[in-house]
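Report on the following structure.
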Amino acid sequence: MTSASLYRRAIPAAARIVPWRAADGWPLRRFDWPGGGRGSMLWLGGRGEFFEKYLELFAHWHGAGWSVTAIDWRGQGGSGRTSADAHIGHIGSFGEWIADLAGFWADWSAQARGPKVIAAHSMGGHLALRGVLEAAATPDALVLSAPMLGVHSPLGATLGEHVAGLMARLGDPARAAWRENEKPGATMSRQAMLTHDPDRYQDELWWQAAQPELLLGPPSWRWVAEAFRSTRQVRTDSRLKTFATPVLMLLPMADALVDPKVSLAIAARLPDARAVSFGPESAHEILREADPVRGRALAEIDRFLAEKAPA
């Protein structure tokens, strides 16, 4: 067992978990693990996630000297809920999350030392890229794992956005868009969509059993409509061609949840971006995959940061 794996089901003794209050007073759960001076890392998780899922990843970076900070997004993890049903992942607008990121970045970056990096997964990757485009955050480098830059839809992006918007307007926008799993009509198990590593998959379930308030189910229709709208907004943003921040994208090409081809197209438009593709050996959660995939991904990140965010 590696030293990093020891942290998968235990909060490090030197870490602290405290609330951080957004501009409107909303408490977001914050994790801080001071490091050895290499720099400062901010982790932004995906839809329905909580930072305990990534303690093993944090241990890897902490072992390299990084101070690691993470937040649970408003409405999920340990940061409360924004709908009457605590099982539904709801948000009125993705702009609320961008505003939270802007406020948190202002506070955190004023105290952070060394190179400042944002690493993010899935929905968090989308919000990180959009946040930098909109000057909500100004990191020295961006690491995006399976970023949600395109939403898989059998209807296509345009019609899918229209239908989702209609469904959000016709009834309670905070109602569940589907009953369970990560997407409607899925024939794959949830684990198969996320990772080939059964032990790492069980880590998430272990934390949810230990802290039931972390569990979140399907998204609301408003979330789905916002996901289509916000990803379109990023795809069509003219500022992509002048984006100055170096970007590393880790893309599982067999991803069943987000469209990696859209991410490849966006990476090609960015002035300083490297896209690393993975085949069927990787599901959506690259950084929680089986060791051969995860090891390759971590090595790519370490090389990227050594070049783009040197100590």
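Going through the structure tokens in order, the chains are called A, B, and so on, while each chain numbers its residues from 1 and the ligands are numbered from 1 in the order shown.
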
What's around stretch 143-156 of chain A at 6 Å? Count only C-alpha atoms, leave out sequence neighbours fewer than 4 positions away in its own chain, and write the answer as a list of chain:residue names. A:Ala119, A:Ala120, A:His121, A:Ser122, A:Met123, A:Gly125, A:His126, A:Gly160, A:Thr231, A:Val247, A:Leu248, A:Met249, A:Leu250, A:Leu251, A:Val258, A:Asp259, A:Val262, A:Ser263

As a PDB file with N, CA and C atoms, in the first residue's frame, please: every residue in stretch 115-304 of chain A that a backbone DSSP assignment puts in strand (DSSP E or B).
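Output below, filename states_11.pdb:
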```pdb
ATOM      1  N   LYS A 116       0.218  29.260  -8.322  1.00  0.00           N
ATOM      2  CA  LYS A 116      -1.172  28.966  -7.965  1.00  0.00           C
ATOM      3  C   LYS A 116      -1.819  28.229  -9.134  1.00  0.00           C
ATOM      4  N   VAL A 117      -2.279  27.013  -8.862  1.00  0.00           N
ATOM      5  CA  VAL A 117      -2.810  26.129  -9.897  1.00  0.00           C
ATOM      6  C   VAL A 117      -4.222  25.713  -9.547  1.00  0.00           C
ATOM      7  N   ILE A 118      -5.090  25.684 -10.548  1.00  0.00           N
ATOM      8  CA  ILE A 118      -6.404  25.069 -10.382  1.00  0.00           C
ATOM      9  C   ILE A 118      -6.388  23.719 -11.087  1.00  0.00           C
ATOM     10  N   ALA A 119      -6.778  22.681 -10.373  1.00  0.00           N
ATOM     11  CA  ALA A 119      -6.995  21.354 -10.951  1.00  0.00           C
ATOM     12  C   ALA A 119      -8.463  21.024 -10.739  1.00  0.00           C
ATOM     13  N   ALA A 120      -9.110  20.479 -11.760  1.00  0.00           N
ATOM     14  CA  ALA A 120     -10.558  20.327 -11.676  1.00  0.00           C
ATOM     15  C   ALA A 120     -11.021  19.151 -12.512  1.00  0.00           C
ATOM     16  N   HIS A 121     -12.179  18.608 -12.117  1.00  0.00           N
ATOM     17  CA  HIS A 121     -12.724  17.436 -12.795  1.00  0.00           C
ATOM     18  C   HIS A 121     -14.142  17.693 -13.279  1.00  0.00           C
ATOM     19  N   ALA A 141      -1.669  28.011 -13.973  1.00  0.00           N
ATOM     20  CA  ALA A 141      -1.880  26.864 -14.860  1.00  0.00           C
ATOM     21  C   ALA A 141      -3.201  26.207 -14.503  1.00  0.00           C
ATOM     22  N   LEU A 142      -3.769  25.487 -15.484  1.00  0.00           N
ATOM     23  CA  LEU A 142      -5.028  24.773 -15.313  1.00  0.00           C
ATOM     24  C   LEU A 142      -4.836  23.304 -15.673  1.00  0.00           C
ATOM     25  N   VAL A 143      -5.296  22.410 -14.817  1.00  0.00           N
ATOM     26  CA  VAL A 143      -5.321  20.976 -15.098  1.00  0.00           C
ATOM     27  C   VAL A 143      -6.778  20.537 -15.107  1.00  0.00           C
ATOM     28  N   LEU A 144      -7.251  20.036 -16.245  1.00  0.00           N
ATOM     29  CA  LEU A 144      -8.655  19.680 -16.396  1.00  0.00           C
ATOM     30  C   LEU A 144      -8.785  18.195 -16.697  1.00  0.00           C
ATOM     31  N   SER A 145      -9.446  17.483 -15.793  1.00  0.00           N
ATOM     32  CA  SER A 145      -9.676  16.044 -15.936  1.00  0.00           C
ATOM     33  C   SER A 145     -11.089  15.822 -16.465  1.00  0.00           C
ATOM     34  N   VAL A 151     -21.872  18.157 -23.540  1.00  0.00           N
ATOM     35  CA  VAL A 151     -22.762  17.233 -22.844  1.00  0.00           C
ATOM     36  C   VAL A 151     -23.247  16.169 -23.831  1.00  0.00           C
ATOM     37  N   ALA A 176     -36.279  16.448 -10.212  1.00  0.00           N
ATOM     38  CA  ALA A 176     -35.246  15.582 -10.785  1.00  0.00           C
ATOM     39  C   ALA A 176     -35.468  15.387 -12.281  1.00  0.00           C
ATOM     40  N   PRO A 219     -29.489  15.232 -11.209  1.00  0.00           N
ATOM     41  CA  PRO A 219     -29.602  16.689 -11.297  1.00  0.00           C
ATOM     42  C   PRO A 219     -31.035  17.122 -11.539  1.00  0.00           C
ATOM     43  N   SER A 220     -31.289  18.388 -11.324  1.00  0.00           N
ATOM     44  CA  SER A 220     -32.590  18.967 -11.638  1.00  0.00           C
ATOM     45  C   SER A 220     -32.655  19.319 -13.124  1.00  0.00           C
ATOM     46  N   VAL A 247      -2.873  25.142 -20.227  1.00  0.00           N
ATOM     47  CA  VAL A 247      -3.912  24.177 -19.884  1.00  0.00           C
ATOM     48  C   VAL A 247      -3.454  22.763 -20.231  1.00  0.00           C
ATOM     49  N   LEU A 248      -3.676  21.840 -19.321  1.00  0.00           N
ATOM     50  CA  LEU A 248      -3.524  20.416 -19.589  1.00  0.00           C
ATOM     51  C   LEU A 248      -4.897  19.784 -19.486  1.00  0.00           C
ATOM     52  N   MET A 249      -5.319  19.081 -20.548  1.00  0.00           N
ATOM     53  CA  MET A 249      -6.580  18.344 -20.520  1.00  0.00           C
ATOM     54  C   MET A 249      -6.291  16.855 -20.579  1.00  0.00           C
ATOM     55  N   LEU A 250      -6.889  16.108 -19.655  1.00  0.00           N
ATOM     56  CA  LEU A 250      -6.819  14.654 -19.632  1.00  0.00           C
ATOM     57  C   LEU A 250      -8.169  14.127 -20.081  1.00  0.00           C
ATOM     58  N   LEU A 251      -8.203  13.446 -21.239  1.00  0.00           N
ATOM     59  CA  LEU A 251      -9.472  13.138 -21.886  1.00  0.00           C
ATOM     60  C   LEU A 251      -9.658  11.646 -22.112  1.00  0.00           C
ATOM     61  N   PRO A 252     -10.618  11.021 -21.426  1.00  0.00           N
ATOM     62  CA  PRO A 252     -10.971   9.625 -21.713  1.00  0.00           C
ATOM     63  C   PRO A 252     -11.890   9.591 -22.935  1.00  0.00           C
ATOM     64  N   VAL A 258     -19.404  12.874 -20.561  1.00  0.00           N
ATOM     65  CA  VAL A 258     -19.162  14.131 -21.268  1.00  0.00           C
ATOM     66  C   VAL A 258     -18.533  13.819 -22.621  1.00  0.00           C
ATOM     67  N   ALA A 273      -2.197  24.826 -24.889  1.00  0.00           N
ATOM     68  CA  ALA A 273      -2.939  23.699 -24.313  1.00  0.00           C
ATOM     69  C   ALA A 273      -2.369  22.387 -24.801  1.00  0.00           C
ATOM     70  N   ARG A 274      -2.356  21.414 -23.924  1.00  0.00           N
ATOM     71  CA  ARG A 274      -1.939  20.059 -24.268  1.00  0.00           C
ATOM     72  C   ARG A 274      -3.086  19.127 -23.886  1.00  0.00           C
ATOM     73  N   ALA A 275      -3.539  18.335 -24.851  1.00  0.00           N
ATOM     74  CA  ALA A 275      -4.596  17.358 -24.598  1.00  0.00           C
ATOM     75  C   ALA A 275      -3.996  15.963 -24.635  1.00  0.00           C
ATOM     76  N   VAL A 276      -4.218  15.183 -23.596  1.00  0.00           N
ATOM     77  CA  VAL A 276      -3.719  13.814 -23.495  1.00  0.00           C
ATOM     78  C   VAL A 276      -4.917  12.883 -23.507  1.00  0.00           C
ATOM     79  N   SER A 277      -4.983  12.020 -24.510  1.00  0.00           N
ATOM     80  CA  SER A 277      -6.131  11.129 -24.677  1.00  0.00           C
ATOM     81  C   SER A 277      -5.869   9.753 -24.081  1.00  0.00           C
ATOM     82  N   PHE A 278      -6.931   9.156 -23.546  1.00  0.00           N
ATOM     83  CA  PHE A 278      -6.911   7.803 -23.015  1.00  0.00           C
ATOM     84  C   PHE A 278      -7.962   6.996 -23.759  1.00  0.00           C
TER      85      PHE A 278
END
```

So that I can see what lies close to A:Ser282, please list as a VMD selection string the residues with an atom at most 12 Å from it, counting only C-alpha atoms and leaving out residues fewer than 4 positions away in the same chain. chain A and resid 145 to 146 191 to 197 250 to 256 277 to 278 286 to 297

9 Å contact set for stretch 82-95 of chain A, only C-alpha atoms, chain neighbours under 5 positions out, as an MDAnalysis selection string: chainID A and resid 47:48 74:76 100 127 173:177 213 215:223 226:227 230

Resulting file, chosen residues, N, CA and C atoms, as an mmCIF file, in the first residue's frame:
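Dumped everything to result_14.cif:
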```cif
data_model
loop_
_atom_site.group_PDB
_atom_site.id
_atom_site.type_symbol
_atom_site.label_atom_id
_atom_site.label_comp_id
_atom_site.auth_asym_id
_atom_site.auth_seq_id
_atom_site.Cartn_x
_atom_site.Cartn_y
_atom_site.Cartn_z
ATOM 1 N N ARG A 47 -19.882 17.357 -10.660
ATOM 2 C CA ARG A 47 -21.271 17.367 -10.187
ATOM 3 C C ARG A 47 -21.492 16.249 -9.167
ATOM 4 N N GLY A 48 -22.088 16.618 -8.057
ATOM 5 C CA GLY A 48 -22.428 15.641 -7.035
ATOM 6 C C GLY A 48 -21.255 15.175 -6.189
ATOM 7 N N ARG A 74 -21.476 24.949 -3.888
ATOM 8 C CA ARG A 74 -22.782 25.281 -3.335
ATOM 9 C C ARG A 74 -23.828 24.253 -3.805
ATOM 10 N N GLY A 75 -24.583 23.697 -2.848
ATOM 11 C CA GLY A 75 -25.656 22.775 -3.196
ATOM 12 C C GLY A 75 -25.257 21.320 -3.275
ATOM 13 N N GLN A 76 -24.005 21.006 -2.959
ATOM 14 C CA GLN A 76 -23.601 19.603 -3.003
ATOM 15 C C GLN A 76 -22.491 19.345 -1.995
ATOM 16 N N ASP A 100 -19.241 32.280 -6.784
ATOM 17 C CA ASP A 100 -18.591 31.664 -5.623
ATOM 18 C C ASP A 100 -17.098 31.470 -5.872
ATOM 19 N N LEU A 127 -16.370 24.729 -15.039
ATOM 20 C CA LEU A 127 -16.453 25.968 -14.274
ATOM 21 C C LEU A 127 -15.091 26.638 -14.140
ATOM 22 N N PRO A 173 -38.568 23.674 -11.809
ATOM 23 C CA PRO A 173 -37.229 23.491 -12.379
ATOM 24 C C PRO A 173 -36.284 22.727 -11.464
ATOM 25 N N ALA A 174 -36.640 22.626 -10.172
ATOM 26 C CA ALA A 174 -35.795 21.914 -9.216
ATOM 27 C C ALA A 174 -36.137 20.437 -9.109
ATOM 28 N N ARG A 175 -37.117 19.961 -9.902
ATOM 29 C CA ARG A 175 -37.456 18.537 -9.851
ATOM 30 C C ARG A 175 -36.376 17.726 -10.570
ATOM 31 N N ALA A 176 -36.279 16.448 -10.212
ATOM 32 C CA ALA A 176 -35.246 15.582 -10.785
ATOM 33 C C ALA A 176 -35.468 15.387 -12.281
ATOM 34 N N ALA A 177 -34.381 15.465 -13.041
ATOM 35 C CA ALA A 177 -34.463 15.264 -14.489
ATOM 36 C C ALA A 177 -34.602 13.784 -14.833
ATOM 37 N N GLU A 213 -24.884 13.019 4.606
ATOM 38 C CA GLU A 213 -25.179 14.337 4.046
ATOM 39 C C GLU A 213 -24.391 14.621 2.760
ATOM 40 N N LEU A 215 -24.233 12.520 0.216
ATOM 41 C CA LEU A 215 -24.870 11.826 -0.903
ATOM 42 C C LEU A 215 -25.754 12.776 -1.705
ATOM 43 N N LEU A 216 -25.614 12.718 -3.020
ATOM 44 C CA LEU A 216 -26.454 13.491 -3.923
ATOM 45 C C LEU A 216 -26.861 12.608 -5.087
ATOM 46 N N GLY A 217 -28.099 12.750 -5.524
ATOM 47 C CA GLY A 217 -28.618 11.942 -6.617
ATOM 48 C C GLY A 217 -28.613 12.686 -7.938
ATOM 49 N N PRO A 218 -29.659 12.523 -8.747
ATOM 50 C CA PRO A 218 -29.680 13.080 -10.091
ATOM 51 C C PRO A 218 -29.783 14.604 -10.082
ATOM 52 N N PRO A 219 -29.489 15.232 -11.209
ATOM 53 C CA PRO A 219 -29.602 16.689 -11.297
ATOM 54 C C PRO A 219 -31.035 17.122 -11.539
ATOM 55 N N SER A 220 -31.289 18.388 -11.324
ATOM 56 C CA SER A 220 -32.590 18.967 -11.638
ATOM 57 C C SER A 220 -32.655 19.319 -13.124
ATOM 58 N N TRP A 221 -33.867 19.590 -13.600
ATOM 59 C CA TRP A 221 -34.008 20.039 -14.989
ATOM 60 C C TRP A 221 -33.321 21.383 -15.211
ATOM 61 N N ARG A 222 -33.310 22.236 -14.182
ATOM 62 C CA ARG A 222 -32.607 23.510 -14.335
ATOM 63 C C ARG A 222 -31.104 23.272 -14.495
ATOM 64 N N TRP A 223 -30.557 22.331 -13.717
ATOM 65 C CA TRP A 223 -29.129 22.023 -13.873
ATOM 66 C C TRP A 223 -28.856 21.556 -15.296
ATOM 67 N N GLU A 226 -28.985 24.434 -17.678
ATOM 68 C CA GLU A 226 -27.816 25.285 -17.463
ATOM 69 C C GLU A 226 -26.539 24.649 -18.012
ATOM 70 N N ALA A 227 -26.432 23.320 -17.889
ATOM 71 C CA ALA A 227 -25.252 22.634 -18.410
ATOM 72 C C ALA A 227 -25.153 22.823 -19.921
ATOM 73 N N SER A 230 -24.406 26.732 -20.514
ATOM 74 C CA SER A 230 -23.083 27.189 -20.102
ATOM 75 C C SER A 230 -21.977 26.574 -20.954
#
```

Would you pick out the contacts of stretch 7-12 of chain A at 8 Å or less, using only C-alpha atoms, so that residues sharing its chain but fewer than 5 positions from it are not included, and give the list as a PyMOL selection string? chain A and resi 33+52-56+59+203+206-207

Filtering to N, CA, C and O atoms, could you give me those residues as a PDB file, in the first residue's frame?
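Final output, saved to again_31.pdb:
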```
ATOM      1  N   TRP A  33      -4.876  21.642   3.288  1.00  0.00           N
ATOM      2  CA  TRP A  33      -3.790  20.773   3.742  1.00  0.00           C
ATOM      3  C   TRP A  33      -2.481  21.477   3.410  1.00  0.00           C
ATOM      4  O   TRP A  33      -2.003  21.403   2.276  1.00  0.00           O
ATOM      5  N   GLU A  52     -13.657  14.484  -0.196  1.00  0.00           N
ATOM      6  CA  GLU A  52     -13.092  13.237   0.346  1.00  0.00           C
ATOM      7  C   GLU A  52     -12.803  12.209  -0.745  1.00  0.00           C
ATOM      8  O   GLU A  52     -11.914  11.358  -0.575  1.00  0.00           O
ATOM      9  N   LYS A  53     -13.523  12.261  -1.851  1.00  0.00           N
ATOM     10  CA  LYS A  53     -13.285  11.315  -2.950  1.00  0.00           C
ATOM     11  C   LYS A  53     -11.852  11.397  -3.462  1.00  0.00           C
ATOM     12  O   LYS A  53     -11.337  10.436  -4.039  1.00  0.00           O
ATOM     13  N   TYR A  54     -11.199  12.527  -3.251  1.00  0.00           N
ATOM     14  CA  TYR A  54      -9.906  12.781  -3.883  1.00  0.00           C
ATOM     15  C   TYR A  54      -8.761  12.902  -2.880  1.00  0.00           C
ATOM     16  O   TYR A  54      -7.697  13.432  -3.208  1.00  0.00           O
ATOM     17  N   LEU A  55      -8.948  12.381  -1.681  1.00  0.00           N
ATOM     18  CA  LEU A  55      -7.884  12.471  -0.683  1.00  0.00           C
ATOM     19  C   LEU A  55      -6.604  11.786  -1.146  1.00  0.00           C
ATOM     20  O   LEU A  55      -5.492  12.245  -0.865  1.00  0.00           O
ATOM     21  N   GLU A  56      -6.747  10.668  -1.865  1.00  0.00           N
ATOM     22  CA  GLU A  56      -5.562   9.977  -2.371  1.00  0.00           C
ATOM     23  C   GLU A  56      -4.815  10.857  -3.365  1.00  0.00           C
ATOM     24  O   GLU A  56      -3.575  10.907  -3.370  1.00  0.00           O
ATOM     25  N   ALA A  59      -3.003  13.586  -1.518  1.00  0.00           N
ATOM     26  CA  ALA A  59      -1.799  13.071  -0.865  1.00  0.00           C
ATOM     27  C   ALA A  59      -0.624  13.017  -1.848  1.00  0.00           C
ATOM     28  O   ALA A  59       0.530  13.261  -1.472  1.00  0.00           O
ATOM     29  N   ASP A 203     -14.577   3.581  -2.272  1.00  0.00           N
ATOM     30  CA  ASP A 203     -14.207   4.682  -1.378  1.00  0.00           C
ATOM     31  C   ASP A 203     -15.314   5.730  -1.312  1.00  0.00           C
ATOM     32  O   ASP A 203     -15.656   6.229  -0.233  1.00  0.00           O
ATOM     33  N   TRP A 206     -18.150   4.453   0.717  1.00  0.00           N
ATOM     34  CA  TRP A 206     -17.775   4.405   2.130  1.00  0.00           C
ATOM     35  C   TRP A 206     -17.977   5.772   2.787  1.00  0.00           C
ATOM     36  O   TRP A 206     -18.553   5.874   3.881  1.00  0.00           O
ATOM     37  N   TRP A 207     -17.533   6.823   2.122  1.00  0.00           N
ATOM     38  CA  TRP A 207     -17.686   8.160   2.681  1.00  0.00           C
ATOM     39  C   TRP A 207     -19.153   8.556   2.768  1.00  0.00           C
ATOM     40  O   TRP A 207     -19.592   9.206   3.727  1.00  0.00           O
TER      41      TRP A 207
END
```

List every residue of stretch 24-131 of chain A that DSSP, applied to the backbone of this structure, places in helix (DSSP H, G or I), and write the result as an MDAnalysis selection string. chainID A and resid 51:63 94:111 123:131

Save the residues we just selected, C-alpha atoms, as a PDB file, in the first residue's frame?
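Below you can see part_16.pdb, which holds the result:
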```pdb
ATOM      1  CA  PHE A  51     -13.575  16.468  -1.669  1.00  0.00           C
ATOM      2  CA  GLU A  52     -13.092  13.237   0.346  1.00  0.00           C
ATOM      3  CA  LYS A  53     -13.285  11.315  -2.950  1.00  0.00           C
ATOM      4  CA  TYR A  54      -9.906  12.781  -3.883  1.00  0.00           C
ATOM      5  CA  LEU A  55      -7.884  12.471  -0.683  1.00  0.00           C
ATOM      6  CA  GLU A  56      -5.562   9.977  -2.371  1.00  0.00           C
ATOM      7  CA  LEU A  57      -4.936  12.488  -5.160  1.00  0.00           C
ATOM      8  CA  PHE A  58      -4.341  15.272  -2.657  1.00  0.00           C
ATOM      9  CA  ALA A  59      -1.799  13.071  -0.865  1.00  0.00           C
ATOM     10  CA  HIS A  60       0.152  12.692  -4.125  1.00  0.00           C
ATOM     11  CA  TRP A  61       0.386  16.460  -4.572  1.00  0.00           C
ATOM     12  CA  HIS A  62       1.012  17.107  -0.890  1.00  0.00           C
ATOM     13  CA  GLY A  63       3.873  14.629  -1.003  1.00  0.00           C
ATOM     14  CA  PHE A  94     -24.073  28.210 -13.252  1.00  0.00           C
ATOM     15  CA  GLY A  95     -23.279  31.891 -12.780  1.00  0.00           C
ATOM     16  CA  GLU A  96     -23.859  31.355  -9.053  1.00  0.00           C
ATOM     17  CA  TRP A  97     -20.933  28.944  -9.010  1.00  0.00           C
ATOM     18  CA  ILE A  98     -18.770  31.346 -11.005  1.00  0.00           C
ATOM     19  CA  ALA A  99     -19.537  34.049  -8.447  1.00  0.00           C
ATOM     20  CA  ASP A 100     -18.591  31.664  -5.623  1.00  0.00           C
ATOM     21  CA  LEU A 101     -15.348  30.821  -7.418  1.00  0.00           C
ATOM     22  CA  ALA A 102     -14.532  34.503  -7.871  1.00  0.00           C
ATOM     23  CA  GLY A 103     -15.058  35.250  -4.211  1.00  0.00           C
ATOM     24  CA  PHE A 104     -13.158  32.215  -3.018  1.00  0.00           C
ATOM     25  CA  TRP A 105     -10.278  32.846  -5.427  1.00  0.00           C
ATOM     26  CA  ALA A 106      -9.908  36.415  -4.174  1.00  0.00           C
ATOM     27  CA  ASP A 107      -9.636  35.233  -0.563  1.00  0.00           C
ATOM     28  CA  TRP A 108      -7.539  32.132  -1.195  1.00  0.00           C
ATOM     29  CA  SER A 109      -5.061  33.598  -3.694  1.00  0.00           C
ATOM     30  CA  ALA A 110      -4.282  36.506  -1.373  1.00  0.00           C
ATOM     31  CA  GLN A 111      -2.912  33.999   1.160  1.00  0.00           C
ATOM     32  CA  MET A 123     -18.271  19.982 -14.119  1.00  0.00           C
ATOM     33  CA  GLY A 124     -15.504  21.532 -12.045  1.00  0.00           C
ATOM     34  CA  GLY A 125     -13.315  21.575 -15.155  1.00  0.00           C
ATOM     35  CA  HIS A 126     -16.024  23.423 -17.059  1.00  0.00           C
ATOM     36  CA  LEU A 127     -16.453  25.968 -14.274  1.00  0.00           C
ATOM     37  CA  ALA A 128     -12.686  26.415 -13.956  1.00  0.00           C
ATOM     38  CA  LEU A 129     -12.246  27.167 -17.666  1.00  0.00           C
ATOM     39  CA  ARG A 130     -15.284  29.456 -17.744  1.00  0.00           C
ATOM     40  CA  GLY A 131     -14.111  31.143 -14.551  1.00  0.00           C
TER      41      GLY A 131
END
```

Interatomic distance (Å, one decimal) between atom CA of A:Thr236 and atom CA of A:Glu134: 13.3 Å

So, counting only C-alpha atoms, which residue among A:Ile301, A:Val132, A:Val68, A:Ala13 is closest to A:Ala112?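 Among A:Ile301, A:Val132, A:Val68, A:Ala13, it is A:Val68 that comes nearest to A:Ala112.
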
Rank A:Val224, A:Ala283, A:Ala164, A:Asp140 by their smallest atom-to-atom distance to A:Ser189, using only C-alpha atoms, and report the top residue only.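 When distances to A:Ser189 are compared using only C-alpha atoms, the smallest one comes from A:Ala283.
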
What's the 10 Å shell around A:Arg21, counting only C-alpha atoms, without same-chain residues fewer than 3 positions away, as a list in words? Val18, Asp24, Gly25, Trp26, Pro27, Leu28, Arg29, Arg30, Asp100, Gly103 and Phe104 of chain A

Residues as selected, N, CA and C atoms, written as a short mmCIF file (atom, residue, chain, number, x, y, z; two decimals), in the first residue's frame, can you do that?
```cif
data_model
loop_
_atom_site.label_atom_id
_atom_site.label_comp_id
_atom_site.auth_asym_id
_atom_site.auth_seq_id
_atom_site.Cartn_x
_atom_site.Cartn_y
_atom_site.Cartn_z
N VAL A 18 -13.11 23.69 7.30
CA VAL A 18 -13.79 24.84 7.88
C VAL A 18 -14.81 25.38 6.88
N ASP A 24 -23.07 36.11 -0.37
CA ASP A 24 -24.45 36.15 0.14
C ASP A 24 -24.61 35.42 1.47
N GLY A 25 -23.50 35.00 2.05
CA GLY A 25 -23.53 34.33 3.34
C GLY A 25 -23.62 32.82 3.28
N TRP A 26 -23.72 32.25 2.06
CA TRP A 26 -23.85 30.79 1.93
C TRP A 26 -22.57 30.12 2.40
N PRO A 27 -22.66 29.11 3.30
CA PRO A 27 -21.44 28.44 3.77
C PRO A 27 -21.01 27.31 2.83
N LEU A 28 -19.81 27.41 2.32
CA LEU A 28 -19.21 26.34 1.52
C LEU A 28 -18.18 25.62 2.37
N ARG A 29 -18.19 24.30 2.28
CA ARG A 29 -17.22 23.51 3.06
C ARG A 29 -15.86 23.57 2.37
N ARG A 30 -14.84 23.86 3.16
CA ARG A 30 -13.48 24.09 2.65
C ARG A 30 -12.50 23.11 3.31
N ASP A 100 -19.24 32.28 -6.78
CA ASP A 100 -18.59 31.66 -5.62
C ASP A 100 -17.10 31.47 -5.87
N GLY A 103 -15.25 34.83 -5.59
CA GLY A 103 -15.06 35.25 -4.21
C GLY A 103 -14.04 34.41 -3.48
N PHE A 104 -14.11 33.09 -3.69
CA PHE A 104 -13.16 32.22 -3.02
C PHE A 104 -11.74 32.46 -3.53
#
```

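In this model, the gap between atom CA of A:Leu214 and atom CA of A:Gly77 comes to 4.5 Å.
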
Straight-line distance linking atom CA of A:Ala265 with atom CA of A:Gly46, stated in Å to one decimal: 21.0 Å

Could you give me, as a ChimeraX atom specification, the residues within 10 Å of A:Ser238, counting only C-alpha atoms and dropping anything in the same chain fewer than 5 positions from it? /A:133,233,243,269

Determine the nearest neighbour of A:Ala157 from the options A:Ala225, A:Leu298, A:Leu42, A:Ala137, counting only C-alpha atoms.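 Checking each candidate against A:Ala157, we get A:Ala225 as the closest.
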